[in-house]
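Novice: First, the structure itself, so that you have it in front of you.
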Amino acid sequence: MNILRTLPVEDVLARGERSGLVRRLTGKELVGFGIGIIIGTGVFTLAGVEAKDHAGPAVVLSFIIGGIVAALAALAYAELASAVPTAGSAYTYAYATLGELFAWIIGWDLLLEFALGAAVVSRSWSGYIANLLGLPEAWFGEDATVNFGAILIIAVLTAVAVIGIRESSWVTNALVVVKVAVCVLVIVAGLFFFNGANLHPFIPPAQPAESGATVLEQPLVSALLGLDQSVYGFGGVLTAAAIVFFAYTGFEALANLGEETKRPHRDLPTGLLGSLIVCTLLYVLVAVVLAAMVDYRQIDEGAPLAAAFQSVGQPWVAALISLGAVTGLTSVMMVELVTIGRIGFAMSRDGLLPPKLSQVHSKWGTPHRMTIGGAVVIMLLGGFIPISELSDMVSIGALSGFLIVALAVPVLRRTKPDLHRPFRMPLSPVLPVITAVACLYLMSNLDVITWLRFAAWLVLGLVIYFAYGRTHAHLARRTGQATED
């Protein structure tokens, strides 16, 4: 059995024209989608948490480092997405370049990233809406036996995602306007309370971590090298960069909309790079304002931005920030649901998942079965399991995907040198290799327990692949390599 067989690029391009998905999206709508999924928990929570726990005011550098790595990955995505516009994104790129096993791993990985991300965000949304509207915590709080708020918001957004991609983009773009306005408000209003003294020292001296931390809670690189666990210093900046990278995850979801974009060769690079540039700028400015408003040792970890404005006597700004958080989280879930449907659709179309999951609704033109199936899993996770401690897995899932995509760029250039590439990643293969190494290094700064959980998910995926996907893949039947049950 050839587990490294590749999917012909010509087949990918041809089937995209007969998939049944409707081309309705423009470049501007893709930028809105990108901003919709990128801006969320990262800017409203992680900036304050990582400033206090790991980086101090230099959390600004952490966001810059994360943004640079994300931008490098976006360049790789832009080349592949413009040349091979497909619903499968990194999964299909890997299938066409590195082989079926790698494709399965990355597809399985992406399903983890977006499903777990949506579940975590649904619980965060439930807590914010309860705080904003005074709803009962027994139904909406993190300690609720059944978090009805998380289940309800996923159910509502799933209906929108199933009805149509254009309707999904309308909802997302409306929410994007609100939360970008809130980010701009934070930046402008925060300048009136800018205290430069809070930025010194910009990079606090490294110091030992609090006692009680186990080996499983150490960054992998520290555990492997036998280094003492510490916080702050430049090591703390890198640790924070690996964690706040969560704030950039999601832009790759745009590459899954290649078969629903009017002019994918032009619009996909515009959406990928445009949304990332806007979000990086907003992140860095918000981080600067927060670090200057509040001493990093006094930052509130629960609601850092809202608490910062409350501390300077501006509760009305704090209320608007809570509203921005609700809208921001809503748009993140919207795009994640759309993305899960497209990834599962692509894997099912190749035979690696049951064929019914790739059926497109006759009226709405969306992969409704996969979208609904993914939503059910997300509702179960978000409704019953407190999974905030697993948020780092979203980062490790995204980074592993970016690593594969970066390596796919030089491989595809070698195997398909004549393929039309409307957008080209510069300095290949040097820059793609640098991108892959940077992703791997950020992954190594995540803690050991995250790596163990990630490994367990991959093992489960491999069991499913060898039990089902390997023998049911369309390539296996095409080449006569399928084995008997």
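Every chain in the structure tokens has a letter given in the order shown (A, B, ...), and although residue numbers restart at 1 in each chain, ligands are simply numbered from 1 in the order shown.
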Which residues come within 12 Å of Pro219 (chain A), counting only C-alpha atoms, excluding same-chain residues fewer than 2 positions away, as number ranges by chain?
Specialist: A: 209, 213-217, 221-231, 235-236, 238-240, 242-243, 392, 441-451
Novice: Save the residues we just selected, N, CA and C atoms, as an mmCIF file, in the first residue's frame?
Specialist:
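So the final result, stored in part.cif, reads:
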```
data_model
loop_
_atom_site.group_PDB
_atom_site.id
_atom_site.type_symbol
_atom_site.label_atom_id
_atom_site.label_comp_id
_atom_site.auth_asym_id
_atom_site.auth_seq_id
_atom_site.Cartn_x
_atom_site.Cartn_y
_atom_site.Cartn_z
ATOM 1 N N ALA A 209 10.717 30.590 37.613
ATOM 2 C CA ALA A 209 9.267 30.453 37.682
ATOM 3 C C ALA A 209 8.860 30.099 39.101
ATOM 4 N N ALA A 213 5.651 24.173 39.645
ATOM 5 C CA ALA A 213 5.447 23.834 38.238
ATOM 6 C C ALA A 213 6.081 22.474 37.950
ATOM 7 N N THR A 214 5.357 21.619 37.253
ATOM 8 C CA THR A 214 5.853 20.284 36.933
ATOM 9 C C THR A 214 6.550 20.296 35.581
ATOM 10 N N VAL A 215 7.205 19.163 35.262
ATOM 11 C CA VAL A 215 7.876 19.039 33.974
ATOM 12 C C VAL A 215 6.870 19.167 32.839
ATOM 13 N N LEU A 216 5.652 18.661 33.028
ATOM 14 C CA LEU A 216 4.631 18.720 31.985
ATOM 15 C C LEU A 216 4.221 20.145 31.668
ATOM 16 N N GLU A 217 4.444 21.068 32.600
ATOM 17 C CA GLU A 217 4.067 22.458 32.385
ATOM 18 C C GLU A 217 5.211 23.288 31.809
ATOM 19 N N VAL A 221 11.156 22.740 24.738
ATOM 20 C CA VAL A 221 12.572 22.987 24.519
ATOM 21 C C VAL A 221 13.332 23.031 25.839
ATOM 22 N N SER A 222 12.717 23.588 26.895
ATOM 23 C CA SER A 222 13.367 23.631 28.212
ATOM 24 C C SER A 222 13.473 22.242 28.809
ATOM 25 N N ALA A 223 12.416 21.436 28.648
ATOM 26 C CA ALA A 223 12.442 20.087 29.199
ATOM 27 C C ALA A 223 13.487 19.225 28.504
ATOM 28 N N LEU A 224 13.601 19.352 27.171
ATOM 29 C CA LEU A 224 14.566 18.542 26.426
ATOM 30 C C LEU A 224 16.008 18.926 26.735
ATOM 31 N N LEU A 225 16.248 20.233 26.953
ATOM 32 C CA LEU A 225 17.610 20.707 27.214
ATOM 33 C C LEU A 225 17.957 20.718 28.695
ATOM 34 N N GLY A 226 16.991 20.349 29.549
ATOM 35 C CA GLY A 226 17.251 20.321 30.983
ATOM 36 C C GLY A 226 17.436 21.697 31.598
ATOM 37 N N LEU A 227 16.806 22.720 31.032
ATOM 38 C CA LEU A 227 16.942 24.084 31.532
ATOM 39 C C LEU A 227 15.954 24.340 32.665
ATOM 40 N N ASP A 228 16.360 25.195 33.594
ATOM 41 C CA ASP A 228 15.457 25.585 34.674
ATOM 42 C C ASP A 228 14.353 26.461 34.097
ATOM 43 N N GLN A 229 13.132 26.221 34.570
ATOM 44 C CA GLN A 229 12.009 26.994 34.077
ATOM 45 C C GLN A 229 12.088 28.428 34.596
ATOM 46 N N SER A 230 11.890 29.403 33.698
ATOM 47 C CA SER A 230 11.958 30.799 34.106
ATOM 48 C C SER A 230 10.887 31.591 33.382
ATOM 49 N N VAL A 231 10.676 32.828 33.844
ATOM 50 C CA VAL A 231 9.743 33.740 33.194
ATOM 51 C C VAL A 231 10.467 35.055 32.931
ATOM 52 N N GLY A 235 13.620 34.805 26.817
ATOM 53 C CA GLY A 235 12.968 33.496 26.783
ATOM 54 C C GLY A 235 11.480 33.618 27.054
ATOM 55 N N GLY A 236 11.120 34.496 27.977
ATOM 56 C CA GLY A 236 9.704 34.731 28.260
ATOM 57 C C GLY A 236 8.983 35.354 27.077
ATOM 58 N N LEU A 238 9.703 34.792 23.942
ATOM 59 C CA LEU A 238 9.476 33.721 22.967
ATOM 60 C C LEU A 238 8.351 32.789 23.413
ATOM 61 N N THR A 239 8.309 32.486 24.717
ATOM 62 C CA THR A 239 7.215 31.659 25.224
ATOM 63 C C THR A 239 5.879 32.344 24.983
ATOM 64 N N ALA A 240 5.827 33.644 25.276
ATOM 65 C CA ALA A 240 4.599 34.399 25.043
ATOM 66 C C ALA A 240 4.251 34.434 23.562
ATOM 67 N N ALA A 242 4.818 32.116 21.352
ATOM 68 C CA ALA A 242 4.217 30.830 20.984
ATOM 69 C C ALA A 242 2.757 30.763 21.414
ATOM 70 N N ILE A 243 2.447 31.369 22.569
ATOM 71 C CA ILE A 243 1.075 31.311 23.086
ATOM 72 C C ILE A 243 0.178 32.319 22.380
ATOM 73 N N ASP A 392 -3.953 25.861 24.072
ATOM 74 C CA ASP A 392 -2.639 25.801 23.432
ATOM 75 C C ASP A 392 -2.628 24.818 22.259
ATOM 76 N N TYR A 441 10.096 25.997 15.885
ATOM 77 C CA TYR A 441 10.662 26.561 17.103
ATOM 78 C C TYR A 441 9.559 27.108 18.017
ATOM 79 N N LEU A 442 8.581 27.773 17.438
ATOM 80 C CA LEU A 442 7.475 28.244 18.274
ATOM 81 C C LEU A 442 6.735 27.064 18.896
ATOM 82 N N MET A 443 6.563 25.995 18.141
ATOM 83 C CA MET A 443 5.922 24.800 18.697
ATOM 84 C C MET A 443 6.709 24.262 19.886
ATOM 85 N N SER A 444 8.033 24.310 19.804
ATOM 86 C CA SER A 444 8.871 23.788 20.887
ATOM 87 C C SER A 444 8.763 24.617 22.153
ATOM 88 N N ASN A 445 8.226 25.830 22.054
ATOM 89 C CA ASN A 445 8.044 26.668 23.232
ATOM 90 C C ASN A 445 6.701 26.449 23.916
ATOM 91 N N LEU A 446 5.870 25.557 23.365
ATOM 92 C CA LEU A 446 4.637 25.169 24.037
ATOM 93 C C LEU A 446 4.954 24.063 25.047
ATOM 94 N N ASP A 447 4.112 23.931 26.074
ATOM 95 C CA ASP A 447 4.465 23.020 27.163
ATOM 96 C C ASP A 447 4.331 21.552 26.771
ATOM 97 N N VAL A 448 4.945 20.711 27.590
ATOM 98 C CA VAL A 448 5.043 19.280 27.304
ATOM 99 C C VAL A 448 3.662 18.635 27.237
ATOM 100 N N ILE A 449 2.763 19.013 28.138
ATOM 101 C CA ILE A 449 1.444 18.390 28.170
ATOM 102 C C ILE A 449 0.689 18.665 26.876
ATOM 103 N N THR A 450 0.903 19.844 26.273
ATOM 104 C CA THR A 450 0.268 20.142 24.988
ATOM 105 C C THR A 450 0.780 19.194 23.914
ATOM 106 N N TRP A 451 2.078 18.928 23.911
ATOM 107 C CA TRP A 451 2.654 17.997 22.948
ATOM 108 C C TRP A 451 2.111 16.583 23.141
#
```
Novice: I'd like the neighbourhood of Ala255 (chain A) as number ranges by chain, where a residue qualifies if any of its atoms comes within 7 Å (using only C-alpha atoms), though same-chain residues fewer than 2 positions away should be ignored.
Specialist: A: 81, 89, 252-253, 257-258, 268
Novice: May I have the residues from that selection written out with C-alpha atoms, as a short mmCIF file (atom, residue, chain, number, x, y, z; two decimals), in the first residue's frame?
Specialist:
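Written output follows (result-v8.cif):
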```cif
data_model
loop_
_atom_site.label_atom_id
_atom_site.label_comp_id
_atom_site.auth_asym_id
_atom_site.auth_seq_id
_atom_site.Cartn_x
_atom_site.Cartn_y
_atom_site.Cartn_z
CA ALA A 81 -4.04 29.03 -2.77
CA SER A 89 -6.46 24.17 1.80
CA GLU A 252 -5.59 29.94 6.85
CA ALA A 253 -9.34 29.30 6.84
CA LEU A 257 -12.82 29.03 0.25
CA GLY A 258 -10.96 28.75 -3.05
CA LEU A 268 -7.19 34.72 -2.17
#
```
Novice: Pick out the residues sitting within 8 Å of region 116-132 of chain A, and hand them over as a VMD selection string; count only C-alpha atoms, and ignore anything fewer than 2 positions along from it in its own chain.
Specialist: chain A and resid 41 112 to 114 134 to 137 140 to 142 147 149 to 151 153 to 154 319 322 to 323 325 to 326 329 to 330 332 to 333 336 to 337 378 to 379 381 to 383 387 to 388 391 394
Novice: Between A:Ala58, A:Ala438, A:Ala398, A:Val43, which one has atoms that come closest to Tyr232 (chain A), using only C-alpha atoms?
Specialist: A:Ala58
Novice: Write down as an mmCIF file with N, CA and C atoms, in the first residue's frame the residues of region 176-262 of chain A whose backbone DSSP state falls under strand (DSSP E).
Specialist:
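So states_16.cif came out as:
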```
data_model
loop_
_atom_site.group_PDB
_atom_site.id
_atom_site.type_symbol
_atom_site.label_atom_id
_atom_site.label_comp_id
_atom_site.auth_asym_id
_atom_site.auth_seq_id
_atom_site.Cartn_x
_atom_site.Cartn_y
_atom_site.Cartn_z
ATOM 1 N N GLN A 207 13.643 35.611 35.596
ATOM 2 C CA GLN A 207 13.630 35.148 36.978
ATOM 3 C C GLN A 207 13.025 33.754 37.029
ATOM 4 N N PRO A 208 13.366 32.974 38.060
ATOM 5 C CA PRO A 208 12.842 31.605 38.149
ATOM 6 C C PRO A 208 11.318 31.608 38.225
ATOM 7 N N SER A 230 11.890 29.403 33.698
ATOM 8 C CA SER A 230 11.958 30.799 34.106
ATOM 9 C C SER A 230 10.887 31.591 33.382
ATOM 10 N N VAL A 231 10.676 32.828 33.844
ATOM 11 C CA VAL A 231 9.743 33.740 33.194
ATOM 12 C C VAL A 231 10.467 35.055 32.931
#
```
Novice: Just checking: using only C-alpha atoms, which residue out of A:Pro57, A:Gly34, A:Pro264, A:Gly67 ends up closest to Phe251 (chain A)?
Specialist: A:Gly34
Novice: Would you list the contacts of Ala51 (chain A) as a PyMOL selection string, taking every protein, DNA or RNA residue within 9 Å and counting only C-alpha atoms, but skipping same-chain residues closer than 2 positions in sequence?
Specialist: chain A and resi 46-49+53-60+237+240+287+291+296-297+299
Novice: Please write the residues from the selection above to a file, keeping N, CA and C atoms, as a PDB file, in the first residue's frame.
Specialist:
```pdb
ATOM      1  N   LEU A  46      -5.465  37.396  25.700  1.00  0.00           N
ATOM      2  CA  LEU A  46      -4.097  36.890  25.763  1.00  0.00           C
ATOM      3  C   LEU A  46      -3.045  37.974  25.929  1.00  0.00           C
ATOM      4  N   ALA A  47      -3.294  39.173  25.390  1.00  0.00           N
ATOM      5  CA  ALA A  47      -2.300  40.243  25.522  1.00  0.00           C
ATOM      6  C   ALA A  47      -2.004  40.519  26.986  1.00  0.00           C
ATOM      7  N   GLY A  48      -3.045  40.618  27.798  1.00  0.00           N
ATOM      8  CA  GLY A  48      -2.853  40.891  29.217  1.00  0.00           C
ATOM      9  C   GLY A  48      -2.282  39.712  29.975  1.00  0.00           C
ATOM     10  N   VAL A  49      -2.776  38.525  29.686  1.00  0.00           N
ATOM     11  CA  VAL A  49      -2.312  37.329  30.392  1.00  0.00           C
ATOM     12  C   VAL A  49      -0.820  37.104  30.170  1.00  0.00           C
ATOM     13  N   ASP A  53       2.248  37.140  32.825  1.00  0.00           N
ATOM     14  CA  ASP A  53       2.829  35.842  33.174  1.00  0.00           C
ATOM     15  C   ASP A  53       4.213  35.583  32.588  1.00  0.00           C
ATOM     16  N   HIS A  54       4.521  36.160  31.405  1.00  0.00           N
ATOM     17  CA  HIS A  54       5.757  35.757  30.732  1.00  0.00           C
ATOM     18  C   HIS A  54       6.620  36.886  30.185  1.00  0.00           C
ATOM     19  N   ALA A  55       6.017  37.946  29.627  1.00  0.00           N
ATOM     20  CA  ALA A  55       6.818  38.873  28.826  1.00  0.00           C
ATOM     21  C   ALA A  55       6.894  40.290  29.356  1.00  0.00           C
ATOM     22  N   GLY A  56       5.990  40.703  30.272  1.00  0.00           N
ATOM     23  CA  GLY A  56       5.958  42.090  30.683  1.00  0.00           C
ATOM     24  C   GLY A  56       5.557  42.979  29.512  1.00  0.00           C
ATOM     25  N   PRO A  57       5.972  44.248  29.499  1.00  0.00           N
ATOM     26  CA  PRO A  57       5.628  45.134  28.380  1.00  0.00           C
ATOM     27  C   PRO A  57       6.108  44.611  27.029  1.00  0.00           C
ATOM     28  N   ALA A  58       7.133  43.736  27.049  1.00  0.00           N
ATOM     29  CA  ALA A  58       7.662  43.191  25.798  1.00  0.00           C
ATOM     30  C   ALA A  58       6.701  42.215  25.140  1.00  0.00           C
ATOM     31  N   VAL A  59       5.490  42.055  25.686  1.00  0.00           N
ATOM     32  CA  VAL A  59       4.467  41.276  24.988  1.00  0.00           C
ATOM     33  C   VAL A  59       4.212  41.882  23.607  1.00  0.00           C
ATOM     34  N   VAL A  60       4.541  43.179  23.473  1.00  0.00           N
ATOM     35  CA  VAL A  60       4.462  43.829  22.156  1.00  0.00           C
ATOM     36  C   VAL A  60       5.376  43.108  21.173  1.00  0.00           C
ATOM     37  N   VAL A 237       9.693  36.225  26.357  1.00  0.00           N
ATOM     38  CA  VAL A 237       9.105  36.836  25.160  1.00  0.00           C
ATOM     39  C   VAL A 237       8.785  35.764  24.126  1.00  0.00           C
ATOM     40  N   ALA A 240       5.827  33.644  25.276  1.00  0.00           N
ATOM     41  CA  ALA A 240       4.599  34.399  25.043  1.00  0.00           C
ATOM     42  C   ALA A 240       4.251  34.434  23.562  1.00  0.00           C
ATOM     43  N   ALA A 287      -1.618  46.140  22.294  1.00  0.00           N
ATOM     44  CA  ALA A 287      -0.650  45.671  23.293  1.00  0.00           C
ATOM     45  C   ALA A 287       0.163  46.825  23.859  1.00  0.00           C
ATOM     46  N   ALA A 291       0.020  47.873  27.819  1.00  0.00           N
ATOM     47  CA  ALA A 291       1.249  47.859  28.616  1.00  0.00           C
ATOM     48  C   ALA A 291       1.549  49.223  29.227  1.00  0.00           C
ATOM     49  N   TYR A 296       2.477  45.899  34.346  1.00  0.00           N
ATOM     50  CA  TYR A 296       2.227  44.531  33.899  1.00  0.00           C
ATOM     51  C   TYR A 296       1.971  43.580  35.067  1.00  0.00           C
ATOM     52  N   ARG A 297       2.501  43.891  36.241  1.00  0.00           N
ATOM     53  CA  ARG A 297       2.282  43.020  37.398  1.00  0.00           C
ATOM     54  C   ARG A 297       0.887  43.151  37.978  1.00  0.00           C
ATOM     55  N   ILE A 299      -1.936  43.641  35.934  1.00  0.00           N
ATOM     56  CA  ILE A 299      -2.932  43.396  34.893  1.00  0.00           C
ATOM     57  C   ILE A 299      -3.912  42.318  35.341  1.00  0.00           C
TER      58      ILE A 299
END
```
Novice: Which residues, written as number ranges by chain, have at least one atom at most 10 Å from Arg266 (chain A), with only C-alpha atoms counted and residues fewer than 5 positions away on the same chain left out?
Specialist: A: 26-27, 78, 81-82, 261, 271, 422-423
Novice: Which one of A:Pro201, A:Pro85, A:Pro386, A:Pro315 sits closest to Val12 (chain A) if you count only C-alpha atoms?
Specialist: A:Pro85
Novice: Could you jot down the CA of Gly250 (chain A) to CA of Val335 (chain A) separation for me, Å, one decimal place?
Specialist: 8.3 Å
Novice: Dump as a tab-separated table the rows for residues of region 71-153 of chain A within 9 Å of region 466-479 of chain A: closest atom pair and distance in Å with one decimal, only C-alpha atoms counted, ordered by chain and rising residue number.
Specialist:
```
residue	atom	partner	partner_atom	distance
A:Glu100	CA	A:Arg470	CA	8.6
A:Leu101	CA	A:Arg470	CA	8.5
A:Trp104	CA	A:Gly469	CA	8.4
```
